[in-house]
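A short write-up of the structure that comes next.
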Amino acid sequence: MIIKTDRKEIDKSIKELKLFNEAPKALQAYKEEVANIEAEEAFICEELAKLEKELSDNIASQEVAGVGQKVYLKMQAIDVAKKLELTKGILAETTASKLASKIKHAPLIRTAIGEDRGANSDFFDINAMVETYKYDLLKALSDMGQEVTKQYNEIRDDVWDVIQDDAVVEAMGHGTQIRYTFDRNVFYPSLSSEDIVLHRSHIQQAGQGTEPTMIQTVKEAKGIDDK
């Protein structure tokens, strides 16, 4: 007889699990703030590219310009170069702004994660799950044992009347073990293997999503093919 665990409630809890509720909100607030900074950054990069091209074109024009025009272009190049350095400085500020945004939102995200973890504390309480299943298993075994005792007692006296009769034992030979063939203990649920302990590492690995490869199902252990 194989007694299987009813997983309906477990599977329902897993399916309905909403692990993160507050964390996505905190992340969204951060992403929106960074998106604005990045939009500004993209605009500055475009202006930077325009200024670099303008300066490059200016230098190229100086090489073929006359004296008066060349002086004018040099003055213009100085102005463009100043704008270029100023724009680079503003671009650097966006990098600092993104870092500042991370520093600002990191504790908020951490708090949100803590709230989500706390809201699902019952789901993560493996101790409670293990204790529940330990109790259910031992209670099931106890119920089985009580039923064995009940059914055993119903025929015990009649069986003993036959197999423990001294005359019967004498007739079958003094070496016979018939007197002990109806021992109640052989009918109780018992272990066929000593290697049944769940180690802490098994539970931790399973809780991290690892399939229980170290522990076989009854079918696997007996080599039963579903086909």
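Convention: chains lettered A, B, ... in structure tokens order; per-chain residue numbering from 1; ligands numbered from 1 as shown.
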
Identify, on the basis of only C-alpha atoms, every residue whose closest approach to region 37-39 of chain A does not exceed 10 Å; exclude the query and any residue fewer than 4 positions from it along the same chain; express the result as an MDAnalysis selection string. chainID A and resid 31:33 43:45 93:95 97:98 101

Enter the distance from CA of Val159 (chain A) to CA of Lys139 (chain A), in Å, rounded to one decimal. 29.3 Å

Under the rule of at most 10 Å, produce a per-residue listing of region 7-33 of chain A near region 114-129 of chain A: chain, number, name, the closest pair of atoms, and the distance in Å, as JSON lines, using only C-alpha atoms.
```
{"residue": "A:Ile10", "atom": "CA", "partner": "A:Phe123", "partner_atom": "CA", "distance": 9.9}
{"residue": "A:Ser13", "atom": "CA", "partner": "A:Phe123", "partner_atom": "CA", "distance": 8.1}
{"residue": "A:Ile14", "atom": "CA", "partner": "A:Phe123", "partner_atom": "CA", "distance": 8.8}
{"residue": "A:Leu17", "atom": "CA", "partner": "A:Phe123", "partner_atom": "CA", "distance": 8.4}
{"residue": "A:Lys18", "atom": "CA", "partner": "A:Asn120", "partner_atom": "CA", "distance": 8.4}
{"residue": "A:Leu19", "atom": "CA", "partner": "A:Asp116", "partner_atom": "CA", "distance": 6.7}
{"residue": "A:Phe20", "atom": "CA", "partner": "A:Asp116", "partner_atom": "CA", "distance": 5.6}
{"residue": "A:Asn21", "atom": "CA", "partner": "A:Asp116", "partner_atom": "CA", "distance": 6.3}
{"residue": "A:Glu22", "atom": "CA", "partner": "A:Asp116", "partner_atom": "CA", "distance": 6.2}
{"residue": "A:Ala23", "atom": "CA", "partner": "A:Asp116", "partner_atom": "CA", "distance": 7.1}
```

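Reported to one decimal place, the separation of CA of Glu63 (chain A) from CA of Lys50 (chain A) is 20.5 Å.
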
Got a sec to tell me which of region 2-206 of chain A DSSP assigns to alpha helix (DSSP H), as number ranges by chain? A: 8-16, 22-62, 67-119, 121-124, 126-163, 166-172, 200-206

Please indicate the distance in Å from CA of Asn185 (chain A) to CA of Tyr133 (chain A), rounded to one decimal place.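 About the pair CA of Asn185 (chain A) and CA of Tyr133 (chain A): they are 25.1 Å apart.
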
What's the 8 Å shell around region 46-48 of chain A, counting only C-alpha atoms, without same-chain residues fewer than 3 positions away, as number ranges by chain? A: 42-43, 51-52, 84, 87-88

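Between Ala92 (chain A) and the residues A:Val169, A:Glu40, A:Glu147, A:Arg184, the shortest atom-to-atom distance, using only C-alpha atoms, involves A:Glu40.
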
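By chain and then residue number, the residues within 12 Å of Lys104 (chain A) are Ala26, Leu27, Ala29, Tyr30, Glu33, Val34, Ser97, Lys98, Leu99, Ile109 and Arg110 of chain A, counting only C-alpha atoms and disregarding those fewer than 5 positions away in sequence.
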
Resulting file, chosen residues, N, CA, C and O atoms, as a PDB file, in the first residue's frame:
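Writing done, so here's part.pdb:
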```pdb
ATOM      1  N   ALA A  26       8.621  50.161  -5.963  1.00  0.00           N
ATOM      2  CA  ALA A  26       9.831  50.924  -5.634  1.00  0.00           C
ATOM      3  C   ALA A  26      10.781  50.958  -6.825  1.00  0.00           C
ATOM      4  O   ALA A  26      11.402  51.990  -7.114  1.00  0.00           O
ATOM      5  N   LEU A  27      10.904  49.836  -7.523  1.00  0.00           N
ATOM      6  CA  LEU A  27      11.764  49.780  -8.713  1.00  0.00           C
ATOM      7  C   LEU A  27      11.233  50.675  -9.822  1.00  0.00           C
ATOM      8  O   LEU A  27      12.011  51.314 -10.543  1.00  0.00           O
ATOM      9  N   ALA A  29       9.512  53.448  -9.504  1.00  0.00           N
ATOM     10  CA  ALA A  29       9.809  54.839  -9.154  1.00  0.00           C
ATOM     11  C   ALA A  29      11.257  55.174  -9.503  1.00  0.00           C
ATOM     12  O   ALA A  29      11.554  56.257 -10.037  1.00  0.00           O
ATOM     13  N   TYR A  30      12.162  54.237  -9.226  1.00  0.00           N
ATOM     14  CA  TYR A  30      13.578  54.442  -9.565  1.00  0.00           C
ATOM     15  C   TYR A  30      13.769  54.521 -11.072  1.00  0.00           C
ATOM     16  O   TYR A  30      14.462  55.407 -11.588  1.00  0.00           O
ATOM     17  N   GLU A  33      12.643  57.828 -12.613  1.00  0.00           N
ATOM     18  CA  GLU A  33      13.579  58.909 -12.338  1.00  0.00           C
ATOM     19  C   GLU A  33      14.821  58.791 -13.220  1.00  0.00           C
ATOM     20  O   GLU A  33      15.293  59.789 -13.792  1.00  0.00           O
ATOM     21  N   VAL A  34      15.348  57.583 -13.347  1.00  0.00           N
ATOM     22  CA  VAL A  34      16.530  57.368 -14.183  1.00  0.00           C
ATOM     23  C   VAL A  34      16.217  57.604 -15.651  1.00  0.00           C
ATOM     24  O   VAL A  34      17.062  58.106 -16.404  1.00  0.00           O
ATOM     25  N   SER A  97      24.206  62.078 -11.358  1.00  0.00           N
ATOM     26  CA  SER A  97      22.778  62.091 -11.020  1.00  0.00           C
ATOM     27  C   SER A  97      22.215  60.673 -10.967  1.00  0.00           C
ATOM     28  O   SER A  97      21.385  60.347 -10.101  1.00  0.00           O
ATOM     29  N   LYS A  98      22.661  59.812 -11.894  1.00  0.00           N
ATOM     30  CA  LYS A  98      22.191  58.424 -11.887  1.00  0.00           C
ATOM     31  C   LYS A  98      22.676  57.689 -10.640  1.00  0.00           C
ATOM     32  O   LYS A  98      21.931  56.905 -10.043  1.00  0.00           O
ATOM     33  N   LEU A  99      23.903  57.951 -10.248  1.00  0.00           N
ATOM     34  CA  LEU A  99      24.431  57.344  -9.026  1.00  0.00           C
ATOM     35  C   LEU A  99      23.657  57.853  -7.812  1.00  0.00           C
ATOM     36  O   LEU A  99      23.314  57.075  -6.910  1.00  0.00           O
ATOM     37  N   ILE A 109      14.030  50.552  -1.917  1.00  0.00           N
ATOM     38  CA  ILE A 109      13.861  49.225  -2.514  1.00  0.00           C
ATOM     39  C   ILE A 109      14.094  48.144  -1.463  1.00  0.00           C
ATOM     40  O   ILE A 109      13.363  47.154  -1.392  1.00  0.00           O
ATOM     41  N   ARG A 110      15.104  48.350  -0.624  1.00  0.00           N
ATOM     42  CA  ARG A 110      15.393  47.384   0.434  1.00  0.00           C
ATOM     43  C   ARG A 110      14.204  47.262   1.385  1.00  0.00           C
ATOM     44  O   ARG A 110      13.828  46.147   1.782  1.00  0.00           O
TER      45      ARG A 110
END
```
